[in-house]
Every structure is written in structure tokens, then in C-alpha cells.
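Quick notes on the structure that follows.
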Amino acid sequence: MNYARFINALSASRRDSPIRTLTDIMLSSPPSVISLAGGVPNPDTFPFKSARITLSDGTEIDIGSALMKRALQYSATSGVPELIVWLKDLQKKLHNPPTMAYSPDKGKMEICVTTGSQEGLSKVFEMLVSPGDNVLLDAPTYAGTIAALKPLGCNLIGVPTDKHGMIPQALKDILSKWRPEDAATPDKKNPKFLYTIPNGCNPTGATLTTERKIEIYQLAQEYDLIIIEDDPYYFLQFNKDRAPSFLSMDIDGRVIRADSMSKTLSSGLRIGYLSGPKPLIDRIFVHMQASTLHTSTFSQILILELLNKWGVEGFMEHIEGVIKFYRTQRDAMLASADKWLTGLAEWHSPSAGMFLWIKIKDVADTYKMIMQKAVSKEILLVPGSAFNLDSAVSSSYVRASFSLSSPEQMDEGLKRLASIIIEERNARG
Ligand SMILES: Cc1ncc(COP(=O)(O)O)c(CNc2cc3ccccc3n(O)c2=O)c1O
């Protein structure tokens with residue numbers, strides 16, 4: 001892979017911060033090293049001395065004074081080293097990426113802890129995108145990605161999707177506008193990357209099949225595309241037979257994967273992690289050195305203490321409980337949709353994630369219905385146009401989340417939605 005062609009001028013101009021490099025050396029040095037280098041505060045002045053966290057199973061995590069001093073201090077740019085090791089082991093067990101065995105210049109898999117996967121995504125986009133670039137992505141897609149991409153001045157090209165995710169033939173038809181051999185010629189504007197949410201897609205609830213992933217990866221090889229695999233709902237797959245990730249099939253070193261702890265351990269601790277080729281992840285490091293410096297050390301230490309206590313086996317046991325919860329929630333929302341929306345709307349049963357993507361029959365644009373009528377009837381949903389690459393384009397869809405409300409609340413909520421739809425039908429006559 002020629003990684004240089006994917007890195008925009010802004011990212012290529014970034015250089016290691018000597019201070020951060022020295023801090024990273026200091027943080028990984030033995031006590032014999034005396035540092036007068038870092039402008040870091042003395043933790044003896046911090047007012048927080050220790051913490052005891054009680055877990056849902058009644059056991060406790062103790063953060064004693066020594067660990068608290070570390071948790072409250074600056075830490076390495078890429079992440080707390082022990083957490084990086086733990087996450088690499090998890091990726092090995094879950095995805096067995098071919099790139100873990102590659103040399104750095106061949107795209108050896110590197111990991112960077114980020115402040116939520118949202119930070120990871122935004123930094124990846126700010127590394128890859130130059131104004132005028134053509135960018136391929138699921139349509140519709142996560143509003144946070146659209147918000148991160150649009151200001152970068154690129155041309156967002158939506159690839160049609162269905163309940164099984166991105167449609168490979170549609171991708172092939174779009175790509176046929178360019179010649180693969182022009183990929184290395186910048187002014188031909190061949191797309192440089194493809195963004196997709198492979199499991200429990202936000203907002204459609206779609207999950208890519210293995211067959212489609214293989215086809216999409218082959219197209220990415222043919223047109224020399226980077227694949228950005230945004231997969232925060234990977235651990236919310238309700239069926240046992242999980243399709244392999246793009247990272248697991250990445251023999252070229254062309255996949256950047258964004259994972260998140262938000263849907264399984266905590267959304268407020270803001271822990272995400274990027275896994276990708278070292279030449280690209282290194283660009284994210286230097287960007288972090290000049291922006292957040294690093295993800296919250298306290299958040300990382302707390303998560304690390306939990307993961308060390310559980311081990312991968314214990315973590316996966318926790319995931320089983322999370323899957324059971326969301327599958328039950330999904331089933332409750334589907335039952336209420338059948339009860340109240342049959343004849344008024346259409347939907348498919350998501351096999352992952354936390355969203356039901358509802359198409360309201362005979363309604364071209366749900367925006368006013370949802371943002372005005374539904375709010376006045378005290379039911380909050382998201383109009384489908386919020387997920388269109390061009391929000392001015394109307395949508396017949398509504399996104400309903402089954403993550404927070406109880407089955408009773410979901411039932412009442414969809415009952416209210418049904419009454420609004422019927423009211424509007426009657427008003428149209
Ligand atoms: C596909 C995809 N990729 C990345 C992220 C970011 O997750 P992170 O790891 O926590 O940074 C997300 C989070 N999605 C949402 C977040 C959210 C937060 C407050 C309020 C509403 C929110 N709604 O509605 C969301 O969909 C996502 O769905």
C-alpha cells in the first residue's frame with residue numbers, strides 16, 4: 001500500500017511534538033530516570049486521594065493513592081500502555097487481523113485510544129480528506145459522521161443500502177465512473193475511502209453479510225480504497241453467527257476500524273479505540289499531540305482495572321448480558337410496532353444495534369410530523385432526513401431507539417406515533 005497518497009497536506013505537515021515525545025519517554029521510564037523535562041503538575045497537590053468503585057455484581061475496584069496519582073496525571077499520547085496491550089489482545093482474539101504480523105511500512109496494525117470513537121473518526125477524516133475529494137459512505141448514515149465530514153469540503157457520495165447494509169452492486173456502479181488505474185493520479189479525483197457501519201447501522205439497523213463484506217473488500221482492492229469500519233454496535237449483535245469484520249480480512253492493510261466502549265461499559269467515560277495501519281495511525285498520534293494530548297487517563301485506568309479484573313472471558317460474559325438486554329428491548333419494540341403501526345408503516349427486524357428504522361407510509365417527509373406534532377404529543381424520535389447526506393432531502397423514515405425506554409414506555413410511545421400518523425391521514429382526507 002502507498003499510504004502517502006491517502007494523507008492530506010495538513011496531516012502530512014504535522015510533526016512529532018518534542019514535549020509529548022519526551023513525556024512519553026518519561027512516562028515509560030524506570031524510576032532511576034530523573035526528569036526535569038515535562039511541564040507536568042505534581043500529583044501530591046491533587047485533592048483526590050483514592051476511590052472505591054462498586055460493580056453491578058457487588059465486587060469492588062480499588063484505586064489506591066499511588067494508582068490515583070497516575071490516573072490523575074498526563075499519560076502517553078496513544079493510550080495507557082497496559083490498556084493498549086489489553087486491546088491488542090482483544091483484537092487478536094476477536095478479529096485475528098492479518099496486519100498484526102506485518103512490518104510497520106507494510107501496514108502493521110497499531111492501536112490508538114481516543115475520546116470516544118467519535119474523536120477517532122473525526123481525526124481520521126481530518127487526516128484523509130482534502131477539499132473536493134470524493135467520499136463514499138453508507139446512505140443514510142450516522143449524523144455525527146456527516147457533521148464531521150461536511151465542513152471538510154468533500155463531495156459526499158451515498159452508496160444505497162438495504163437491511164443487509166451497503167449494496168455491493170450499487171457500489172460497483174458508482175465506482176465505474178472512475179478507472180482503477182487513475183487512483184494514483186490526484187486530479188482524477190478517484191475516491192480514497194469508503195465509510196461504513198457494518199453492524200446495527202445507525203440509523204437503519206442494517207447488518208452487512210459476510211458475502212457483501214467480501215465483495216466490498218474486493219472492490220476496495222480494485223480501486224485502492226481505504227475502508228473505515230465504524231463498528232460501535234459490534235458487541236450488540238443478537239445472533240451468534242457474527243460476520244467477520246473488515247479488519248479480520250484485511251490482507252492489504254487498508255482498513256481503519258473504530259471501536260467503542262460506549263455501548264457496553266460506559267458512554268460518559270469516552271473510551272474508543274482506532275485499529276489500523278501504523279503509517280496512518282501515526283498521523284492520528286501527531287494530531288492528538290496537538291489537540292487533546294491524550295484520552296482521559298482516569299477513564300483509561302478505570303476501564304483497565306475492570307478489564308484486568310474480568311479478563312477477556314469476563315468481558316465477553318458481560319457482553320452476553322448486554323446482548324440479552326438489547327435483544328429483549330428490540331423484541332418489545334417490534335411487538336409494539338406490530339400492535340400500533342401495522343398498515344401505517346414498514347420496518348425490518350434489526351439483528352444488531354439499538355435502532356428501529358420505520359418508514360411511514362404515504363408520508364414523503366416526516367420532518368414536521370416528528371419535530372412539531374410528535375414533540376407536542378410528548379414523543380421524541382428522529383426524522384429520517386437527519387441521516388441524509390443532504391439534510392434538505394426529505395425522508396419518509398423515522399429512527400426509534402430501543403435503548404433507554406421501558407417496554408411500557410415504548411408501547412405508549414409508538415401508540416402516540418400511530419395516533420399522529422392517523423390524525424395526519426385524516427387531515428389529508
Ligand atoms: C455509528 C456511530 N459511530 C460513532 C458513534 C460515536 O460513539 P462514541 O464511541 O460514544 O464516540 C456513534 C454514537 N451515536 C450516537 C451518539 C449519541 C450521543 C448523545 C446523544 C445522541 C446520540 N445518538 O443519537 C447517536 O446516534 C454511532 O452511532
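By convention here, the chains of the C-alpha cells are called A, B, ... in the order presented, each chain's residues are numbered starting at 1, and ligands are numbered starting at 1 in the order presented.
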(request) Find the residues around Leu128 in chain A up to 9 Å (only C-alpha atoms counted), leave out those fewer than 6 positions away in its own chain, and share them as a PyMOL selection string. (result) chain A and resi 6-8+11+192-193
Please, which residues in range 106-170 of chain A fall within 12 Å of range 397-412 of chain A when counting only C-alpha atoms, and what is the closest atom pair and distance in Å to one decimal for each, ordered by chain then residue number, as CSV?
residue,atom,partner,partner_atom,distance
A:Pro140,CA,A:Tyr397,CA,10.4
A:Thr141,CA,A:Arg399,CA,11.5
A:Tyr142,CA,A:Arg399,CA,11.2
A:Ala143,CA,A:Arg399,CA,11.8
Which residues are near ligand 1 in this structure, taking near to mean any atom at most 6 Å from a ligand atom and counting only C-alpha atoms and all ligand atoms? Format them as a PDB file with all heavy atoms, in the first residue's frame.
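Result file out29.pdb:
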ATOM      1  N   GLY A 116     -13.762   8.542  22.870  1.00  0.00           N
ATOM      2  CA  GLY A 116     -14.901   8.029  22.121  1.00  0.00           C
ATOM      3  C   GLY A 116     -14.470   7.714  20.702  1.00  0.00           C
ATOM      4  O   GLY A 116     -13.457   8.250  20.217  1.00  0.00           O
ATOM      5  N   SER A 117     -15.223   6.878  20.021  1.00  0.00           N
ATOM      6  CA  SER A 117     -14.865   6.617  18.619  1.00  0.00           C
ATOM      7  C   SER A 117     -15.134   7.860  17.773  1.00  0.00           C
ATOM      8  O   SER A 117     -14.558   8.025  16.695  1.00  0.00           O
ATOM      9  CB  SER A 117     -15.651   5.423  18.078  1.00  0.00           C
ATOM     10  OG  SER A 117     -17.046   5.624  18.216  1.00  0.00           O
ATOM     11  N   GLN A 118     -15.941   8.756  18.314  1.00  0.00           N
ATOM     12  CA  GLN A 118     -16.229   9.990  17.583  1.00  0.00           C
ATOM     13  C   GLN A 118     -14.951  10.784  17.329  1.00  0.00           C
ATOM     14  O   GLN A 118     -14.721  11.293  16.230  1.00  0.00           O
ATOM     15  CB  GLN A 118     -17.223  10.863  18.344  1.00  0.00           C
ATOM     16  CG  GLN A 118     -17.708  12.095  17.572  1.00  0.00           C
ATOM     17  CD  GLN A 118     -18.614  11.769  16.404  1.00  0.00           C
ATOM     18  OE1 GLN A 118     -19.457  10.867  16.491  1.00  0.00           O
ATOM     19  NE2 GLN A 118     -18.423  12.456  15.283  1.00  0.00           N
ATOM     20  N   TYR A 142     -24.819   7.721   9.950  1.00  0.00           N
ATOM     21  CA  TYR A 142     -24.740   8.364  11.259  1.00  0.00           C
ATOM     22  C   TYR A 142     -24.543   9.865  11.112  1.00  0.00           C
ATOM     23  O   TYR A 142     -23.612  10.318  10.430  1.00  0.00           O
ATOM     24  CB  TYR A 142     -23.579   7.726  12.027  1.00  0.00           C
ATOM     25  CG  TYR A 142     -23.125   8.414  13.280  1.00  0.00           C
ATOM     26  CD1 TYR A 142     -24.028   8.834  14.250  1.00  0.00           C
ATOM     27  CD2 TYR A 142     -21.772   8.625  13.498  1.00  0.00           C
ATOM     28  CE1 TYR A 142     -23.601   9.460  15.413  1.00  0.00           C
ATOM     29  CE2 TYR A 142     -21.323   9.235  14.657  1.00  0.00           C
ATOM     30  CZ  TYR A 142     -22.238   9.657  15.619  1.00  0.00           C
ATOM     31  OH  TYR A 142     -21.807  10.260  16.773  1.00  0.00           O
ATOM     32  N   ILE A 197     -20.857   1.440   8.405  1.00  0.00           N
ATOM     33  CA  ILE A 197     -21.199   0.958   9.746  1.00  0.00           C
ATOM     34  C   ILE A 197     -21.712  -0.462   9.570  1.00  0.00           C
ATOM     35  O   ILE A 197     -22.867  -0.657   9.181  1.00  0.00           O
ATOM     36  CB  ILE A 197     -22.289   1.845  10.385  1.00  0.00           C
ATOM     37  CG1 ILE A 197     -21.872   3.317  10.379  1.00  0.00           C
ATOM     38  CG2 ILE A 197     -22.600   1.382  11.823  1.00  0.00           C
ATOM     39  CD1 ILE A 197     -23.034   4.276  10.611  1.00  0.00           C
ATOM     40  N   ASN A 202     -26.425   2.712  12.315  1.00  0.00           N
ATOM     41  CA  ASN A 202     -27.167   3.903  12.756  1.00  0.00           C
ATOM     42  C   ASN A 202     -27.392   4.775  11.518  1.00  0.00           C
ATOM     43  O   ASN A 202     -26.425   5.234  10.941  1.00  0.00           O
ATOM     44  CB  ASN A 202     -26.295   4.647  13.778  1.00  0.00           C
ATOM     45  CG  ASN A 202     -26.965   5.908  14.291  1.00  0.00           C
ATOM     46  OD1 ASN A 202     -28.081   6.234  13.886  1.00  0.00           O
ATOM     47  ND2 ASN A 202     -26.283   6.610  15.164  1.00  0.00           N
ATOM     48  N   ASP A 230     -16.649   1.622  10.930  1.00  0.00           N
ATOM     49  CA  ASP A 230     -17.131   2.254  12.159  1.00  0.00           C
ATOM     50  C   ASP A 230     -18.080   1.282  12.839  1.00  0.00           C
ATOM     51  O   ASP A 230     -19.203   1.079  12.384  1.00  0.00           O
ATOM     52  CB  ASP A 230     -17.835   3.573  11.801  1.00  0.00           C
ATOM     53  CG  ASP A 230     -18.361   4.282  13.028  1.00  0.00           C
ATOM     54  OD1 ASP A 230     -17.940   3.925  14.161  1.00  0.00           O
ATOM     55  OD2 ASP A 230     -19.220   5.176  12.875  1.00  0.00           O
ATOM     56  N   PRO A 232     -19.374   0.609  16.381  1.00  0.00           N
ATOM     57  CA  PRO A 232     -19.682   0.712  17.822  1.00  0.00           C
ATOM     58  C   PRO A 232     -20.724  -0.305  18.293  1.00  0.00           C
ATOM     59  O   PRO A 232     -20.881  -0.527  19.487  1.00  0.00           O
ATOM     60  CB  PRO A 232     -20.213   2.142  17.964  1.00  0.00           C
ATOM     61  CG  PRO A 232     -20.757   2.482  16.624  1.00  0.00           C
ATOM     62  CD  PRO A 232     -19.891   1.766  15.633  1.00  0.00           C
ATOM     63  N   SER A 260     -15.724   1.121  20.088  1.00  0.00           N
ATOM     64  CA  SER A 260     -16.193   1.987  21.167  1.00  0.00           C
ATOM     65  C   SER A 260     -16.581   1.158  22.382  1.00  0.00           C
ATOM     66  O   SER A 260     -17.107   0.068  22.251  1.00  0.00           O
ATOM     67  CB  SER A 260     -17.422   2.785  20.708  1.00  0.00           C
ATOM     68  OG  SER A 260     -17.950   3.522  21.792  1.00  0.00           O
ATOM     69  N   SER A 262     -18.615   2.634  24.418  1.00  0.00           N
ATOM     70  CA  SER A 262     -19.795   3.404  24.843  1.00  0.00           C
ATOM     71  C   SER A 262     -21.050   2.574  24.987  1.00  0.00           C
ATOM     72  O   SER A 262     -21.919   2.873  25.802  1.00  0.00           O
ATOM     73  CB  SER A 262     -20.068   4.537  23.847  1.00  0.00           C
ATOM     74  OG  SER A 262     -19.060   5.501  23.961  1.00  0.00           O
ATOM     75  N   SER A 267     -20.710   5.263  28.169  1.00  0.00           N
ATOM     76  CA  SER A 267     -20.610   6.278  27.113  1.00  0.00           C
ATOM     77  C   SER A 267     -19.964   7.554  27.657  1.00  0.00           C
ATOM     78  O   SER A 267     -19.270   8.260  26.924  1.00  0.00           O
ATOM     79  CB  SER A 267     -22.005   6.581  26.562  1.00  0.00           C
ATOM     80  OG  SER A 267     -22.925   6.730  27.641  1.00  0.00           O
ATOM     81  N   GLY A 272     -12.876   5.151  23.206  1.00  0.00           N
ATOM     82  CA  GLY A 272     -12.944   4.481  21.909  1.00  0.00           C
ATOM     83  C   GLY A 272     -11.527   4.080  21.539  1.00  0.00           C
ATOM     84  O   GLY A 272     -10.565   4.451  22.218  1.00  0.00           O
TER      85      GLY A 272
END
(message) Residues within 12 Å of Glu313 in chain A, please, as a ChimeraX atom specification. Count only C-alpha atoms; anything in the same chain fewer than 5 positions from it doesn't count.
(response) /A:89-90,93-94,307-308,318-320
Generate a file of the selected residues that holds N, CA, C and O atoms, formatted as a compact mmCIF listing (two decimals), in the first residue's frame.
# COMPACT_ATOMS: atom_id res chain seq x y z
N ASP A 89 -4.71 -7.54 22.45
CA ASP A 89 -5.03 -8.95 22.71
C ASP A 89 -6.49 -9.23 22.35
O ASP A 89 -6.81 -10.26 21.75
N LEU A 90 -7.36 -8.26 22.68
CA LEU A 90 -8.79 -8.44 22.35
C LEU A 90 -8.98 -8.49 20.83
O LEU A 90 -9.69 -9.36 20.31
N LYS A 93 -7.93 -11.80 19.48
CA LYS A 93 -8.88 -12.88 19.78
C LYS A 93 -10.16 -12.76 18.94
O LYS A 93 -10.70 -13.72 18.47
N LEU A 94 -10.61 -11.50 18.73
CA LEU A 94 -11.89 -11.31 18.04
C LEU A 94 -11.74 -11.30 16.52
O LEU A 94 -12.60 -11.79 15.79
N LEU A 307 -11.07 -4.32 33.16
CA LEU A 307 -10.73 -5.36 32.17
C LEU A 307 -9.69 -6.33 32.73
O LEU A 307 -9.74 -7.53 32.47
N ASN A 308 -8.76 -5.83 33.54
CA ASN A 308 -7.79 -6.73 34.17
C ASN A 308 -8.48 -7.65 35.18
O ASN A 308 -8.13 -8.82 35.32
N HIS A 318 -19.87 -10.33 30.19
CA HIS A 318 -20.63 -9.08 30.36
C HIS A 318 -21.35 -8.75 29.06
O HIS A 318 -22.53 -8.37 29.07
N ILE A 319 -20.66 -8.93 27.93
CA ILE A 319 -21.25 -8.63 26.62
C ILE A 319 -22.49 -9.49 26.39
O ILE A 319 -23.51 -9.02 25.88
N GLU A 320 -22.44 -10.73 26.84
CA GLU A 320 -23.62 -11.61 26.69
C GLU A 320 -24.82 -11.01 27.40
O GLU A 320 -25.96 -11.03 26.90
(message) For Ile251 in chain A, find every residue with an atom within 9 Å (counting only C-alpha atoms), except residues of its own chain fewer than 5 positions away, and show them as number ranges by chain.
(response) A: 97-99
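Going from CA of Pro279 in chain A to CA of Pro104 in chain A covers 7.1 Å.
Among A:Ser35, A:Ile301, A:Ala258, A:Thr295, the residue with the shortest atom-to-atom distance to Gly64 in chain A, counting only C-alpha atoms, is A:Ile301.
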(message) Can you tell me which residues surround Met166 in chain A at a distance of at most 12 Å, considering only C-alpha atoms, apart from same-chain residues fewer than 2 positions away, and format the answer as a ChimeraX atom specification?
(response) /A:136-141,158-164,168-172,194-199,201,204-217
Write the residues of the preceding selection, restricted to N, CA, C and O atoms, as a short mmCIF file (atom, residue, chain, number, x, y, z; two decimals), in the first residue's frame.
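Final file, selection17.cif:
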data_model
loop_
_atom_site.label_atom_id
_atom_site.label_comp_id
_atom_site.auth_asym_id
_atom_site.auth_seq_id
_atom_site.Cartn_x
_atom_site.Cartn_y
_atom_site.Cartn_z
N LEU A 136 -16.99 8.06 -0.29
CA LEU A 136 -18.08 7.07 -0.39
C LEU A 136 -18.54 6.67 1.00
O LEU A 136 -17.71 6.37 1.86
N LEU A 137 -19.84 6.67 1.22
CA LEU A 137 -20.34 6.24 2.52
C LEU A 137 -21.77 5.72 2.43
O LEU A 137 -22.49 6.04 1.49
N ASP A 138 -22.11 4.89 3.44
CA ASP A 138 -23.49 4.38 3.54
C ASP A 138 -24.47 5.54 3.39
O ASP A 138 -24.20 6.63 3.89
N ALA A 139 -25.60 5.29 2.76
CA ALA A 139 -26.68 6.30 2.76
C ALA A 139 -27.97 5.58 3.11
O ALA A 139 -28.33 4.60 2.44
N PRO A 140 -28.71 6.03 4.13
CA PRO A 140 -28.34 7.09 5.08
C PRO A 140 -27.28 6.61 6.06
O PRO A 140 -26.93 5.43 6.08
N THR A 141 -26.77 7.57 6.86
CA THR A 141 -25.71 7.16 7.80
C THR A 141 -25.74 8.00 9.06
O THR A 141 -26.55 8.92 9.20
N GLY A 158 -23.34 9.01 -1.52
CA GLY A 158 -24.05 7.97 -0.77
C GLY A 158 -24.16 6.69 -1.58
O GLY A 158 -24.51 6.73 -2.76
N VAL A 159 -23.83 5.58 -0.93
CA VAL A 159 -24.00 4.27 -1.57
C VAL A 159 -25.29 3.65 -1.02
O VAL A 159 -25.45 3.53 0.19
N PRO A 160 -26.24 3.31 -1.91
CA PRO A 160 -27.52 2.76 -1.43
C PRO A 160 -27.32 1.54 -0.53
O PRO A 160 -26.39 0.75 -0.72
N THR A 161 -28.21 1.42 0.45
CA THR A 161 -28.17 0.29 1.40
C THR A 161 -29.57 -0.31 1.51
O THR A 161 -30.56 0.31 1.13
N ASP A 162 -29.60 -1.53 2.06
CA ASP A 162 -30.89 -2.13 2.42
C ASP A 162 -30.71 -2.77 3.81
O ASP A 162 -29.71 -2.49 4.48
N LYS A 163 -31.60 -3.69 4.19
CA LYS A 163 -31.48 -4.21 5.57
C LYS A 163 -30.23 -5.05 5.78
O LYS A 163 -29.87 -5.36 6.92
N HIS A 164 -29.56 -5.40 4.68
CA HIS A 164 -28.29 -6.13 4.80
C HIS A 164 -27.09 -5.21 4.58
O HIS A 164 -25.98 -5.65 4.32
N PRO A 168 -23.36 -4.07 -2.70
CA PRO A 168 -22.11 -4.10 -3.48
C PRO A 168 -22.28 -3.69 -4.95
O PRO A 168 -21.46 -2.95 -5.49
N GLN A 169 -23.39 -4.12 -5.57
CA GLN A 169 -23.61 -3.76 -6.98
C GLN A 169 -23.75 -2.25 -7.13
O GLN A 169 -23.23 -1.65 -8.08
N ALA A 170 -24.41 -1.63 -6.15
CA ALA A 170 -24.56 -0.16 -6.20
C ALA A 170 -23.19 0.51 -6.06
O ALA A 170 -22.87 1.49 -6.74
N LEU A 171 -22.37 -0.05 -5.18
CA LEU A 171 -21.01 0.49 -5.01
C LEU A 171 -20.22 0.33 -6.30
O LEU A 171 -19.54 1.26 -6.75
N LYS A 172 -20.35 -0.83 -6.91
CA LYS A 172 -19.63 -1.12 -8.17
C LYS A 172 -20.07 -0.13 -9.27
O LYS A 172 -19.23 0.43 -9.99
N LEU A 194 -13.88 4.55 1.80
CA LEU A 194 -15.28 4.13 1.93
C LEU A 194 -15.57 4.01 3.41
O LEU A 194 -14.82 3.36 4.14
N TYR A 195 -16.62 4.71 3.87
CA TYR A 195 -17.02 4.65 5.29
C TYR A 195 -18.27 3.80 5.42
O TYR A 195 -19.24 3.99 4.66
N THR A 196 -18.26 2.84 6.34
CA THR A 196 -19.47 2.04 6.54
C THR A 196 -19.62 1.64 7.99
O THR A 196 -18.63 1.54 8.74
N ILE A 197 -20.86 1.44 8.40
CA ILE A 197 -21.20 0.96 9.75
C ILE A 197 -21.71 -0.46 9.57
O ILE A 197 -22.87 -0.66 9.18
N PRO A 198 -20.88 -1.48 9.78
CA PRO A 198 -21.22 -2.84 9.35
C PRO A 198 -22.27 -3.57 10.19
O PRO A 198 -22.94 -4.45 9.68
N ASN A 199 -22.40 -3.21 11.44
CA ASN A 199 -23.34 -3.92 12.32
C ASN A 199 -24.31 -2.97 13.00
O ASN A 199 -23.90 -1.95 13.54
N CYS A 201 -26.42 -0.82 11.94
CA CYS A 201 -26.13 0.52 11.40
C CYS A 201 -27.03 1.59 12.03
O CYS A 201 -28.22 1.37 12.29
N THR A 204 -30.20 2.72 10.26
CA THR A 204 -31.08 1.75 9.59
C THR A 204 -31.17 0.40 10.31
O THR A 204 -32.01 -0.43 9.96
N GLY A 205 -30.25 0.14 11.28
CA GLY A 205 -30.28 -1.16 11.95
C GLY A 205 -29.74 -2.28 11.07
O GLY A 205 -29.74 -3.45 11.44
N ALA A 206 -29.23 -1.91 9.88
CA ALA A 206 -28.76 -2.93 8.92
C ALA A 206 -27.46 -3.56 9.39
O ALA A 206 -26.65 -2.94 10.07
N THR A 207 -27.26 -4.83 9.00
CA THR A 207 -26.02 -5.56 9.30
C THR A 207 -25.51 -6.21 8.03
O THR A 207 -26.26 -6.95 7.38
N LEU A 208 -24.26 -5.90 7.68
CA LEU A 208 -23.65 -6.43 6.45
C LEU A 208 -23.44 -7.95 6.56
O LEU A 208 -22.98 -8.44 7.58
N THR A 209 -23.74 -8.66 5.47
CA THR A 209 -23.48 -10.10 5.44
C THR A 209 -22.01 -10.34 5.10
O THR A 209 -21.33 -9.46 4.56
N THR A 210 -21.56 -11.54 5.40
CA THR A 210 -20.18 -11.91 5.06
C THR A 210 -19.94 -11.77 3.57
O THR A 210 -18.92 -11.21 3.14
N GLU A 211 -20.88 -12.25 2.78
CA GLU A 211 -20.72 -12.22 1.31
C GLU A 211 -20.53 -10.79 0.84
O GLU A 211 -19.66 -10.50 0.02
N ARG A 212 -21.36 -9.88 1.37
CA ARG A 212 -21.25 -8.49 0.93
C ARG A 212 -19.90 -7.89 1.37
O ARG A 212 -19.29 -7.12 0.62
N LYS A 213 -19.47 -8.23 2.58
CA LYS A 213 -18.18 -7.69 3.04
C LYS A 213 -17.04 -8.14 2.11
O LYS A 213 -16.17 -7.34 1.74
N ILE A 214 -17.08 -9.39 1.71
CA ILE A 214 -16.04 -9.90 0.82
C ILE A 214 -16.07 -9.16 -0.52
O ILE A 214 -15.04 -8.72 -1.04
N GLU A 215 -17.28 -8.95 -1.05
CA GLU A 215 -17.41 -8.22 -2.33
C GLU A 215 -16.91 -6.79 -2.18
O GLU A 215 -16.19 -6.27 -3.03
N ILE A 216 -17.29 -6.15 -1.07
CA ILE A 216 -16.88 -4.74 -0.86
C ILE A 216 -15.37 -4.65 -0.69
O ILE A 216 -14.73 -3.77 -1.26
N TYR A 217 -14.78 -5.60 0.05
CA TYR A 217 -13.33 -5.57 0.23
C TYR A 217 -12.61 -5.73 -1.12
O TYR A 217 -11.64 -5.03 -1.42
#
